[in-house]
Amino acid sequence: MKAIVYREYGSADVLKLEEVPQPTPADNEVLIKIRAAAVNPLDWHLMRGVPWPLRFFSGLRKPKRTSLGADMAGDVVTVGAAVANLKPGDGVFGAVDGAFAEYVCAPASIVALKPLNVTYEQAAAVPIGGLTALQALRDKGNLQAGQNVLINGASGGVGTFAVQISKWMGAKVTGVCSTRNVDLVRGIGAGRVIDYTREDFTASGERYDVIFDLVGNRPLADFRRVLNPKGVFIACGGGGPETPAGDALAGMIKQLVQGWFTKQRLVGILAKRDKGDLEILSQLMTSGDVIPVIDRYYGLSELPEAIRYLEAGHARGKVVIATPKFS
Ligand SMILES: NC(=O)c1ccc[n+]([C@@H]2O[C@H](COP(=O)([O-])OP(=O)(O)OC[C@H]3O[C@@H](n4cnc5c(N)ncnc54)[C@H](OP(=O)(O)O)[C@@H]3O)[C@@H](O)[C@H]2O)c1
C-alpha cells in the first residue's frame, strides 16, 4: 500500500510517499481502508520534532515511528479475534497512528461508527478538533448554558468545533477571527464576532465565564483582565513551527504560578482519544448541531503542500486529504 513515511525530523520536505507493507490487525484491532484523512498541527509538531521536549516521546534524534497522521475516516476491512463491536464494511472515524496511508490498523476502542449523514471527508475532519473542543469546554471549562464564552482562534480547526459545541451547550458565544472569517464564524453559531484586525477583544469591557485560547498570541494578563473573577481560562497550544520551545514552557510555568494566587481557574488541555466522546460528536453530526467546516482538499501525494498550508496558521476549519485524490 501507499503511505507517507518520514525518517528524519524537518520541514515538509522530509515526507515521502512510499510503497510499504499493508499492516495486519492484532486481536484488539481493526484494519481500516482509509477514505479520507485530515491534517492537524500535531502532524507538523511530530514531523519537525518541536517543541523539543516532545522528542522524549517521539524519538530523540529521529522519529521512532515513521508513519504520520491521526484523523481519518474509512471502512473496516477485517477485525481482530477479540473485536466484538465492529465488523467488515462498517464506516468508522477516529484519531489513529498513521492516517496518511491507504490502510491503517487501530484498536477498536478508539474508533467510532461514522454517522450515515456525513461524508468520509467530513467525518475525517472531526476527531482531534472535535475531541479537543468538546473535552476543553465540557471537562476543563465546565461550560454551562447561559454563560459567556470567548473562543480566540474561532475560525481554525479546533475553533470551528468549539463555536458549534459551545452553542449546542447553550452558551453565549463570542468568536475572535480576522475579517475574511467573520461571516463564517457568525454562520456557525457565534452571537458576537470580534475581528482581531480591527478590534482588541480585551478592550471591549465584556467579561467571560470561559475563555478558550487556540492562538497563544497574548500575554496571560490580557485574558485574565476580561475573565470573570471565578472564570476559567483554557490554554490550548498556539505558536508556529519557529516558536522557541522556551516560550511555551515559560507560558505554562507563568500560568501555573498565577493559578495559585487567584480564584480564576487557569488550565490547559491535552485531548484524549475517547470513543464515548467520538460517539457524542457522531450524534452531534447526525443532529446537525455540528457540521465540520472544510477549508480545502489535497491528495495523499500532496501532503507536504497541505502541511505547509496548515503551518502558515490561517486555515479556515479543516484541511482534508481526500479520497478521489488519495493515492
Ligand atoms: N492540547 C491539545 O490537545 C491540542 C489539540 C488540538 C490542537 N491543539 C493546538 O491548538 C492550536 C489550534 O489548533 P487548530 O487545529 O485550530 O489550528 P489551525 O487550524 O492551524 O488554526 C488556524 C486559525 O487560527 C486563526 N488565527 C491566527 N492568528 C489569530 C489571531 N491573532 N487571533 C485569532 N485567530 C487567529 C486563523 O484565523 P485567521 O486566518 O483569520 O488569522 C486560523 O483560522 C494549535 O496550536 C494546536 O497545536 C492542541
# chains A, B, ... in the order shown; residues from 1 in each chain; ligands from 1
call {"tool": "residues_around", "arguments": {"residues": "Arg35 (chain A)", "least_positions_apart": "3", "cutoff": "7 Å", "atoms": "only C-alpha atoms", "output": "mmCIF file with all heavy atoms, in the first residue's frame"}}
result
data_model
loop_
_atom_site.group_PDB
_atom_site.id
_atom_site.type_symbol
_atom_site.label_atom_id
_atom_site.label_comp_id
_atom_site.auth_asym_id
_atom_site.auth_seq_id
_atom_site.Cartn_x
_atom_site.Cartn_y
_atom_site.Cartn_z
ATOM 1 N N ALA A 73 -11.184 8.765 8.343
ATOM 2 C CA ALA A 73 -12.444 8.026 8.256
ATOM 3 C C ALA A 73 -12.279 6.997 7.148
ATOM 4 O O ALA A 73 -11.604 7.247 6.148
ATOM 5 C CB ALA A 73 -13.600 8.963 7.948
ATOM 6 N N GLY A 74 -12.889 5.835 7.336
ATOM 7 C CA GLY A 74 -12.748 4.793 6.321
ATOM 8 C C GLY A 74 -13.648 3.616 6.619
ATOM 9 O O GLY A 74 -14.567 3.714 7.445
ATOM 10 N N TYR A 120 -17.187 10.757 4.212
ATOM 11 C CA TYR A 120 -15.925 10.356 4.843
ATOM 12 C C TYR A 120 -15.045 11.586 5.083
ATOM 13 O O TYR A 120 -14.349 11.680 6.107
ATOM 14 C CB TYR A 120 -15.177 9.355 3.949
ATOM 15 C CG TYR A 120 -15.835 7.999 3.886
ATOM 16 C CD1 TYR A 120 -16.638 7.640 2.802
ATOM 17 C CD2 TYR A 120 -15.658 7.069 4.906
ATOM 18 C CE1 TYR A 120 -17.249 6.396 2.748
ATOM 19 C CE2 TYR A 120 -16.260 5.819 4.855
ATOM 20 C CZ TYR A 120 -17.058 5.488 3.773
ATOM 21 O OH TYR A 120 -17.666 4.260 3.720
ATOM 22 N N ALA A 322 -8.185 13.902 0.700
ATOM 23 C CA ALA A 322 -9.458 13.309 0.282
ATOM 24 C C ALA A 322 -9.329 12.146 -0.681
ATOM 25 O O ALA A 322 -8.350 12.034 -1.411
ATOM 26 C CB ALA A 322 -10.310 14.386 -0.366
ATOM 27 N N THR A 323 -10.364 11.327 -0.655
ATOM 28 C CA THR A 323 -10.396 10.068 -1.398
ATOM 29 C C THR A 323 -10.087 10.169 -2.886
ATOM 30 O O THR A 323 -9.216 9.454 -3.357
ATOM 31 C CB THR A 323 -11.782 9.406 -1.275
ATOM 32 O OG1 THR A 323 -12.232 9.607 0.025
ATOM 33 C CG2 THR A 323 -11.727 7.950 -1.643
#
call {"tool": "closest_atom_pairs", "arguments": {"of": "region 228-307 of chain A", "to": "region 127-134 of chain A", "cutoff": "12 Å", "atoms": "only C-alpha atoms", "output": "JSON lines"}}
result
{"residue": "A:Ile234", "atom": "CA", "partner": "A:Ala133", "partner_atom": "CA", "distance": 10.5}
{"residue": "A:Ala235", "atom": "CA", "partner": "A:Thr132", "partner_atom": "CA", "distance": 11.3}
{"residue": "A:Cys236", "atom": "CA", "partner": "A:Thr132", "partner_atom": "CA", "distance": 8.7}
{"residue": "A:Gly237", "atom": "CA", "partner": "A:Thr132", "partner_atom": "CA", "distance": 11.1}
{"residue": "A:Gly268", "atom": "CA", "partner": "A:Thr132", "partner_atom": "CA", "distance": 10.9}
{"residue": "A:Ile269", "atom": "CA", "partner": "A:Thr132", "partner_atom": "CA", "distance": 7.6}
{"residue": "A:Leu270", "atom": "CA", "partner": "A:Thr132", "partner_atom": "CA", "distance": 7.4}
{"residue": "A:Ala271", "atom": "CA", "partner": "A:Thr132", "partner_atom": "CA", "distance": 4.9}
{"residue": "A:Lys272", "atom": "CA", "partner": "A:Leu131", "partner_atom": "CA", "distance": 7.2}
{"residue": "A:Arg273", "atom": "CA", "partner": "A:Leu131", "partner_atom": "CA", "distance": 7.5}
{"residue": "A:Asp274", "atom": "CA", "partner": "A:Leu131", "partner_atom": "CA", "distance": 7.8}
{"residue": "A:Lys275", "atom": "CA", "partner": "A:Leu131", "partner_atom": "CA", "distance": 9.7}
{"residue": "A:Gly276", "atom": "CA", "partner": "A:Leu131", "partner_atom": "CA", "distance": 10.2}
{"residue": "A:Asp277", "atom": "CA", "partner": "A:Leu131", "partner_atom": "CA", "distance": 6.7}
{"residue": "A:Leu278", "atom": "CA", "partner": "A:Pro127", "partner_atom": "CA", "distance": 6.9}
{"residue": "A:Glu279", "atom": "CA", "partner": "A:Leu131", "partner_atom": "CA", "distance": 10.3}
{"residue": "A:Ile280", "atom": "CA", "partner": "A:Leu134", "partner_atom": "CA", "distance": 9.1}
{"residue": "A:Leu281", "atom": "CA", "partner": "A:Gly130", "partner_atom": "CA", "distance": 6.9}
{"residue": "A:Ser282", "atom": "CA", "partner": "A:Pro127", "partner_atom": "CA", "distance": 9.9}
{"residue": "A:Leu284", "atom": "CA", "partner": "A:Gly130", "partner_atom": "CA", "distance": 10.3}
{"residue": "A:Met285", "atom": "CA", "partner": "A:Gly130", "partner_atom": "CA", "distance": 10.7}
{"residue": "A:Val290", "atom": "CA", "partner": "A:Gly130", "partner_atom": "CA", "distance": 9.1}
{"residue": "A:Ile291", "atom": "CA", "partner": "A:Gly130", "partner_atom": "CA", "distance": 10.5}
{"residue": "A:Pro292", "atom": "CA", "partner": "A:Gly130", "partner_atom": "CA", "distance": 8.9}
{"residue": "A:Val293", "atom": "CA", "partner": "A:Gly129", "partner_atom": "CA", "distance": 10.7}
{"residue": "A:Ile294", "atom": "CA", "partner": "A:Gly129", "partner_atom": "CA", "distance": 11.8}
call {"tool": "residues_around", "arguments": {"residues": "Ala221 (chain A)", "least_positions_apart": "5", "cutoff": "12 Å", "atoms": "only C-alpha atoms", "output": "PyMOL selection string"}}
result
chain A and resi 202+226-227+233+251+254-255+258-259+264+266
call {"tool": "write_last_selection", "arguments": {"atoms": "N, CA, C and O atoms", "output": "mmCIF file, in the first residue's frame"}}
result
data_model
loop_
_atom_site.group_PDB
_atom_site.id
_atom_site.type_symbol
_atom_site.label_atom_id
_atom_site.label_comp_id
_atom_site.auth_asym_id
_atom_site.auth_seq_id
_atom_site.Cartn_x
_atom_site.Cartn_y
_atom_site.Cartn_z
ATOM 1 N N THR A 202 -9.776 42.589 24.351
ATOM 2 C CA THR A 202 -9.554 42.893 25.771
ATOM 3 C C THR A 202 -10.007 44.317 26.108
ATOM 4 O O THR A 202 -9.977 44.721 27.268
ATOM 5 N N VAL A 226 -10.231 40.122 31.130
ATOM 6 C CA VAL A 226 -11.606 40.017 30.629
ATOM 7 C C VAL A 226 -12.279 38.704 31.089
ATOM 8 O O VAL A 226 -13.342 38.342 30.601
ATOM 9 N N LEU A 227 -11.627 38.028 32.036
ATOM 10 C CA LEU A 227 -12.187 36.785 32.588
ATOM 11 C C LEU A 227 -12.870 37.106 33.913
ATOM 12 O O LEU A 227 -12.307 37.848 34.731
ATOM 13 N N PHE A 233 -9.866 29.983 32.285
ATOM 14 C CA PHE A 233 -9.080 30.211 31.073
ATOM 15 C C PHE A 233 -8.459 28.880 30.659
ATOM 16 O O PHE A 233 -7.784 28.224 31.451
ATOM 17 N N GLY A 251 5.352 30.121 29.353
ATOM 18 C CA GLY A 251 3.915 30.421 29.452
ATOM 19 C C GLY A 251 3.223 29.454 30.401
ATOM 20 O O GLY A 251 2.380 29.855 31.215
ATOM 21 N N LYS A 254 4.238 30.267 34.027
ATOM 22 C CA LYS A 254 3.575 31.508 34.457
ATOM 23 C C LYS A 254 2.124 31.225 34.813
ATOM 24 O O LYS A 254 1.603 31.670 35.833
ATOM 25 N N GLN A 255 1.476 30.445 33.959
ATOM 26 C CA GLN A 255 0.047 30.121 34.174
ATOM 27 C C GLN A 255 -0.131 29.321 35.474
ATOM 28 O O GLN A 255 -1.040 29.573 36.250
ATOM 29 N N GLN A 258 0.573 31.733 38.519
ATOM 30 C CA GLN A 258 -0.518 32.701 38.712
ATOM 31 C C GLN A 258 -1.775 32.007 39.210
ATOM 32 O O GLN A 258 -2.554 32.577 39.953
ATOM 33 N N GLY A 259 -1.957 30.761 38.799
ATOM 34 C CA GLY A 259 -3.133 29.995 39.216
ATOM 35 C C GLY A 259 -3.195 29.769 40.722
ATOM 36 O O GLY A 259 -4.281 29.604 41.291
ATOM 37 N N GLN A 264 -9.621 32.688 39.756
ATOM 38 C CA GLN A 264 -9.793 32.304 38.356
ATOM 39 C C GLN A 264 -9.083 30.963 38.160
ATOM 40 O O GLN A 264 -8.046 30.722 38.766
ATOM 41 N N LEU A 266 -6.941 28.644 35.805
ATOM 42 C CA LEU A 266 -6.076 28.773 34.631
ATOM 43 C C LEU A 266 -5.576 27.378 34.285
ATOM 44 O O LEU A 266 -4.739 26.830 34.995
#
call {"tool": "residues_near_ligand", "arguments": {"ligand": "ligand 1", "cutoff": "6 Å", "atoms": "only C-alpha atoms and all ligand atoms", "output": "PyMOL selection string"}}
result
chain A and resi 40-42+128-129+132+152-153+155-159+176-178+181+196+214-215+236-239+269-271+310+313-317
call {"tool": "atom_distance", "arguments": {"atom1": "CA of Pro115 (chain A)", "atom2": "CA of Gln283 (chain A)"}}
result
7.5 Å
call {"tool": "atom_distance", "arguments": {"atom1": "CA of Val319 (chain A)", "atom2": "CA of Lys64 (chain A)"}}
result
25.5 Å
call {"tool": "select_by_dssp", "arguments": {"residues": "region 160-318 of chain A", "states": "alpha helix (DSSP H)", "output": "PyMOL selection string"}}
result
chain A and resi 160-168+182-187+220-225+245-260+275-287+303-311
call {"tool": "residues_around", "arguments": {"residues": "region 182-187 of chain A", "least_positions_apart": "6", "cutoff": "7 Å", "atoms": "only C-alpha atoms", "output": "list of chain:residue names"}}
result
A:Ala154, A:Ser155, A:Gly175, A:Val193, A:Asp195
call {"tool": "write_last_selection", "arguments": {"atoms": "N, CA, C and O atoms", "output": "PDB file, in the first residue's frame"}}
result
ATOM      1  N   ALA A 154     -11.331  31.326  16.499  1.00  0.00           N
ATOM      2  CA  ALA A 154     -12.621  30.668  16.249  1.00  0.00           C
ATOM      3  C   ALA A 154     -12.752  30.083  14.845  1.00  0.00           C
ATOM      4  O   ALA A 154     -13.625  29.247  14.611  1.00  0.00           O
ATOM      5  N   SER A 155     -11.897  30.507  13.906  1.00  0.00           N
ATOM      6  CA  SER A 155     -12.066  30.057  12.522  1.00  0.00           C
ATOM      7  C   SER A 155     -11.181  28.872  12.161  1.00  0.00           C
ATOM      8  O   SER A 155     -11.225  28.395  11.028  1.00  0.00           O
ATOM      9  N   GLY A 175     -16.678  34.841  19.144  1.00  0.00           N
ATOM     10  CA  GLY A 175     -15.544  34.270  18.411  1.00  0.00           C
ATOM     11  C   GLY A 175     -14.611  35.370  17.954  1.00  0.00           C
ATOM     12  O   GLY A 175     -15.064  36.440  17.520  1.00  0.00           O
ATOM     13  N   VAL A 193     -18.984  38.398  17.013  1.00  0.00           N
ATOM     14  CA  VAL A 193     -17.701  38.081  16.398  1.00  0.00           C
ATOM     15  C   VAL A 193     -16.801  39.314  16.500  1.00  0.00           C
ATOM     16  O   VAL A 193     -17.225  40.426  16.181  1.00  0.00           O
ATOM     17  N   ASP A 195     -13.431  40.987  15.132  1.00  0.00           N
ATOM     18  CA  ASP A 195     -12.415  40.939  14.089  1.00  0.00           C
ATOM     19  C   ASP A 195     -11.120  41.476  14.698  1.00  0.00           C
ATOM     20  O   ASP A 195     -11.010  42.670  14.987  1.00  0.00           O
TER      21      ASP A 195
END
call {"tool": "closest_residue", "arguments": {"among": "A:Lys172, A:Lys140, A:Arg55, A:Lys87", "to": "Ala112 (chain A)", "atoms": "only C-alpha atoms"}}
result
A:Lys87
call {"tool": "closest_residue", "arguments": {"among": "A:Phe161, A:Phe261, A:Tyr9, A:Tyr103", "to": "Leu137 (chain A)", "atoms": "only C-alpha atoms"}}
result
A:Phe161
call {"tool": "residues_around", "arguments": {"residues": "Pro241 (chain A)", "least_positions_apart": "3", "cutoff": "8 Å", "atoms": "only C-alpha atoms", "output": "ChimeraX atom specification"}}
result
/A:44-45,48,50,311
call {"tool": "select_by_dssp", "arguments": {"residues": "region 22-256 of chain A", "states": "strand (DSSP E)", "output": "PDB file with C-alpha atoms, in the first residue's frame"}}
result
ATOM      1  CA  GLU A  29      -7.553  -4.051  16.344  1.00  0.00           C
ATOM      2  CA  VAL A  30      -9.391  -3.436  13.097  1.00  0.00           C
ATOM      3  CA  LEU A  31      -7.831  -2.977   9.659  1.00  0.00           C
ATOM      4  CA  ILE A  32      -9.330   0.135   8.036  1.00  0.00           C
ATOM      5  CA  LYS A  33      -9.266   1.186   4.385  1.00  0.00           C
ATOM      6  CA  ILE A  34      -8.852   4.925   4.723  1.00  0.00           C
ATOM      7  CA  ARG A  35     -11.204   7.037   2.594  1.00  0.00           C
ATOM      8  CA  ALA A  36     -10.172  10.445   3.915  1.00  0.00           C
ATOM      9  CA  ALA A  37      -7.768  11.911   6.464  1.00  0.00           C
ATOM     10  CA  ALA A  38      -7.242  15.379   7.920  1.00  0.00           C
ATOM     11  CA  VAL A  39      -4.218  17.414   8.925  1.00  0.00           C
ATOM     12  CA  ASP A  71      -7.540  11.981  11.847  1.00  0.00           C
ATOM     13  CA  MET A  72      -9.195   9.588   9.426  1.00  0.00           C
ATOM     14  CA  ALA A  73     -12.444   8.026   8.256  1.00  0.00           C
ATOM     15  CA  GLY A  74     -12.748   4.793   6.321  1.00  0.00           C
ATOM     16  CA  ASP A  75     -14.191   1.302   6.105  1.00  0.00           C
ATOM     17  CA  VAL A  76     -13.365  -1.679   8.312  1.00  0.00           C
ATOM     18  CA  VAL A  77     -11.809  -4.426   6.184  1.00  0.00           C
ATOM     19  CA  THR A  78     -11.010  -7.102   8.775  1.00  0.00           C
ATOM     20  CA  VAL A  79     -11.314  -7.314  12.552  1.00  0.00           C
ATOM     21  CA  GLY A  91     -17.742   3.002   8.221  1.00  0.00           C
ATOM     22  CA  VAL A  92     -15.645   4.387  11.082  1.00  0.00           C
ATOM     23  CA  PHE A  93     -13.765   7.530  12.095  1.00  0.00           C
ATOM     24  CA  GLY A  94     -11.214   8.364  14.769  1.00  0.00           C
ATOM     25  CA  ALA A  95      -7.696   9.536  15.613  1.00  0.00           C
ATOM     26  CA  TYR A 103      -4.735   1.320   5.235  1.00  0.00           C
ATOM     27  CA  VAL A 104      -4.224   1.548   8.986  1.00  0.00           C
ATOM     28  CA  CYS A 105      -4.664  -0.775  11.971  1.00  0.00           C
ATOM     29  CA  ALA A 106      -6.221   0.767  15.075  1.00  0.00           C
ATOM     30  CA  PRO A 107      -7.573  -0.533  18.383  1.00  0.00           C
ATOM     31  CA  VAL A 111     -12.731   4.423  16.602  1.00  0.00           C
ATOM     32  CA  ALA A 112     -16.484   5.009  16.352  1.00  0.00           C
ATOM     33  CA  LEU A 113     -19.098   4.358  13.709  1.00  0.00           C
ATOM     34  CA  ASN A 148     -20.395  33.816  28.207  1.00  0.00           C
ATOM     35  CA  VAL A 149     -17.602  32.030  26.329  1.00  0.00           C
ATOM     36  CA  LEU A 150     -14.847  33.561  24.216  1.00  0.00           C
ATOM     37  CA  ILE A 151     -13.111  31.447  21.556  1.00  0.00           C
ATOM     38  CA  ASN A 152      -9.808  33.004  20.432  1.00  0.00           C
ATOM     39  CA  LYS A 172     -23.395  32.850  24.557  1.00  0.00           C
ATOM     40  CA  VAL A 173     -20.521  32.585  22.115  1.00  0.00           C
ATOM     41  CA  THR A 174     -18.035  35.266  21.107  1.00  0.00           C
ATOM     42  CA  GLY A 175     -15.544  34.270  18.411  1.00  0.00           C
ATOM     43  CA  VAL A 176     -12.295  36.078  17.577  1.00  0.00           C
ATOM     44  CA  CYS A 177     -11.076  35.849  13.971  1.00  0.00           C
ATOM     45  CA  ARG A 192     -20.794  38.033  18.569  1.00  0.00           C
ATOM     46  CA  VAL A 193     -17.701  38.081  16.398  1.00  0.00           C
ATOM     47  CA  ILE A 194     -14.635  40.216  17.081  1.00  0.00           C
ATOM     48  CA  ASP A 195     -12.415  40.939  14.089  1.00  0.00           C
ATOM     49  CA  TYR A 208     -16.319  35.981  30.054  1.00  0.00           C
ATOM     50  CA  ASP A 209     -17.002  32.906  32.196  1.00  0.00           C
ATOM     51  CA  VAL A 210     -14.843  30.719  29.963  1.00  0.00           C
ATOM     52  CA  ILE A 211     -12.051  31.702  27.574  1.00  0.00           C
ATOM     53  CA  PHE A 212     -10.698  29.059  25.187  1.00  0.00           C
ATOM     54  CA  ASP A 213      -7.422  30.243  23.631  1.00  0.00           C
ATOM     55  CA  LEU A 227     -12.187  36.785  32.588  1.00  0.00           C
ATOM     56  CA  ASN A 228     -14.759  36.816  35.388  1.00  0.00           C
ATOM     57  CA  PRO A 229     -13.322  36.539  38.933  1.00  0.00           C
ATOM     58  CA  LYS A 230     -14.252  32.830  39.054  1.00  0.00           C
ATOM     59  CA  GLY A 231     -13.945  32.238  35.325  1.00  0.00           C
ATOM     60  CA  VAL A 232     -11.879  29.545  33.554  1.00  0.00           C
ATOM     61  CA  PHE A 233      -9.080  30.211  31.073  1.00  0.00           C
ATOM     62  CA  ILE A 234      -8.162  27.195  28.918  1.00  0.00           C
ATOM     63  CA  ALA A 235      -4.834  27.302  27.074  1.00  0.00           C
TER      64      ALA A 235
END
call {"tool": "atom_distance", "arguments": {"atom1": "CA of Asp200 (chain A)", "atom2": "CA of Gly246 (chain A)"}}
result
26.4 Å
call {"tool": "closest_residue", "arguments": {"among": "A:Gly10, A:Gly141, A:Gly80, A:Gly191", "to": "Lys62 (chain A)", "atoms": "only C-alpha atoms"}}
result
A:Gly10
call {"tool": "closest_residue", "arguments": {"among": "A:Ala108, A:Ala101, A:Ile321, A:Ala125", "to": "Pro25 (chain A)", "atoms": "only C-alpha atoms"}}
result
A:Ala108
call {"tool": "residues_around", "arguments": {"residues": "Ala3 (chain A)", "least_positions_apart": "2", "cutoff": "8 Å", "atoms": "only C-alpha atoms", "output": "ChimeraX atom specification"}}
result
/A:1,5,17-20,67,100-102
call {"tool": "write_last_selection", "arguments": {"atoms": "all heavy atoms", "output": "compact mmCIF listing (two decimals), in the first residue's frame"}}
result
# COMPACT_ATOMS: atom_id res chain seq x y z
N MET A 1 0.85 -1.19 0.00
CA MET A 1 0.00 0.00 0.00
C MET A 1 0.89 1.25 0.00
O MET A 1 2.05 1.19 0.35
CB MET A 1 -0.87 0.02 1.28
CG MET A 1 -0.08 0.24 2.56
SD MET A 1 -1.13 0.61 3.98
CE MET A 1 0.10 1.09 5.20
N VAL A 5 5.80 8.41 4.67
CA VAL A 5 6.85 7.94 5.57
C VAL A 5 7.81 9.10 5.82
O VAL A 5 8.09 9.89 4.92
CB VAL A 5 7.60 6.75 4.91
CG1 VAL A 5 8.82 6.36 5.70
CG2 VAL A 5 6.66 5.56 4.74
N LEU A 17 6.16 9.76 -0.11
CA LEU A 17 5.09 8.79 -0.39
C LEU A 17 5.76 7.51 -0.88
O LEU A 17 6.44 7.51 -1.91
CB LEU A 17 4.14 9.35 -1.45
CG LEU A 17 2.93 8.49 -1.78
CD1 LEU A 17 2.02 8.32 -0.56
CD2 LEU A 17 2.14 9.09 -2.94
N GLU A 18 5.59 6.42 -0.12
CA GLU A 18 6.31 5.18 -0.45
C GLU A 18 5.36 3.98 -0.46
O GLU A 18 4.25 4.05 0.06
CB GLU A 18 7.40 4.92 0.60
CG GLU A 18 8.52 5.94 0.54
CD GLU A 18 9.68 5.62 1.47
OE1 GLU A 18 9.66 4.54 2.12
OE2 GLU A 18 10.61 6.45 1.53
N GLU A 19 5.82 2.91 -1.04
CA GLU A 19 5.11 1.63 -1.00
C GLU A 19 5.58 0.90 0.26
O GLU A 19 6.79 0.71 0.45
CB GLU A 19 5.48 0.84 -2.26
CG GLU A 19 4.54 -0.25 -2.65
CD GLU A 19 3.13 0.22 -3.02
OE1 GLU A 19 2.99 1.25 -3.72
OE2 GLU A 19 2.18 -0.46 -2.58
N VAL A 20 4.66 0.56 1.15
CA VAL A 20 5.03 -0.14 2.39
C VAL A 20 4.10 -1.34 2.57
O VAL A 20 3.00 -1.37 1.98
CB VAL A 20 4.91 0.80 3.64
CG1 VAL A 20 5.80 2.03 3.51
CG2 VAL A 20 3.48 1.20 3.89
N SER A 67 5.52 6.54 10.44
CA SER A 67 4.23 6.92 9.82
C SER A 67 3.72 8.20 10.48
O SER A 67 4.16 8.56 11.58
CB SER A 67 3.21 5.80 9.99
OG SER A 67 3.01 5.54 11.36
N PHE A 100 -2.03 8.87 7.29
CA PHE A 100 -1.67 9.28 5.93
C PHE A 100 -1.17 8.04 5.17
O PHE A 100 0.03 7.89 4.87
CB PHE A 100 -0.62 10.39 5.95
CG PHE A 100 -1.09 11.63 6.69
CD1 PHE A 100 -0.23 12.35 7.51
CD2 PHE A 100 -2.41 12.07 6.57
CE1 PHE A 100 -0.66 13.48 8.18
CE2 PHE A 100 -2.85 13.21 7.24
CZ PHE A 100 -1.98 13.91 8.06
N ALA A 101 -2.11 7.15 4.89
CA ALA A 101 -1.79 5.86 4.27
C ALA A 101 -3.09 5.30 3.68
O ALA A 101 -4.18 5.81 3.97
CB ALA A 101 -1.23 4.90 5.31
N GLU A 102 -2.96 4.27 2.86
CA GLU A 102 -4.17 3.67 2.28
C GLU A 102 -4.90 2.79 3.29
O GLU A 102 -6.11 2.65 3.24
CB GLU A 102 -3.80 2.88 1.03
CG GLU A 102 -3.44 3.81 -0.12
CD GLU A 102 -3.07 3.05 -1.39
OE1 GLU A 102 -2.24 2.13 -1.31
OE2 GLU A 102 -3.63 3.39 -2.44
call {"tool": "residues_around", "arguments": {"residues": "Gln164 (chain A)", "least_positions_apart": "4", "cutoff": "7 Å", "atoms": "only C-alpha atoms", "output": "list in words"}}
result
Thr160, Trp168, Ile188, Gly189, Asp289 and Val290 of chain A
call {"tool": "write_last_selection", "arguments": {"atoms": "N, CA and C atoms", "output": "compact mmCIF listing (two decimals), in the first residue's frame"}}
result
# COMPACT_ATOMS: atom_id res chain seq x y z
N THR A 160 -13.58 26.10 15.00
CA THR A 160 -14.88 25.93 14.34
C THR A 160 -15.74 24.88 15.06
N TRP A 168 -24.23 24.61 21.06
CA TRP A 168 -25.05 23.43 21.41
C TRP A 168 -25.20 23.32 22.94
N ILE A 188 -21.64 29.78 11.96
CA ILE A 188 -21.63 28.50 12.70
C ILE A 188 -22.08 28.68 14.14
N GLY A 189 -22.50 29.89 14.53
CA GLY A 189 -23.15 30.00 15.84
C GLY A 189 -22.65 31.05 16.81
N ASP A 289 -26.11 19.59 14.74
CA ASP A 289 -25.58 20.62 15.64
C ASP A 289 -24.10 20.91 15.34
N VAL A 290 -23.42 19.92 14.83
CA VAL A 290 -22.02 20.13 14.41
C VAL A 290 -21.90 19.74 12.94
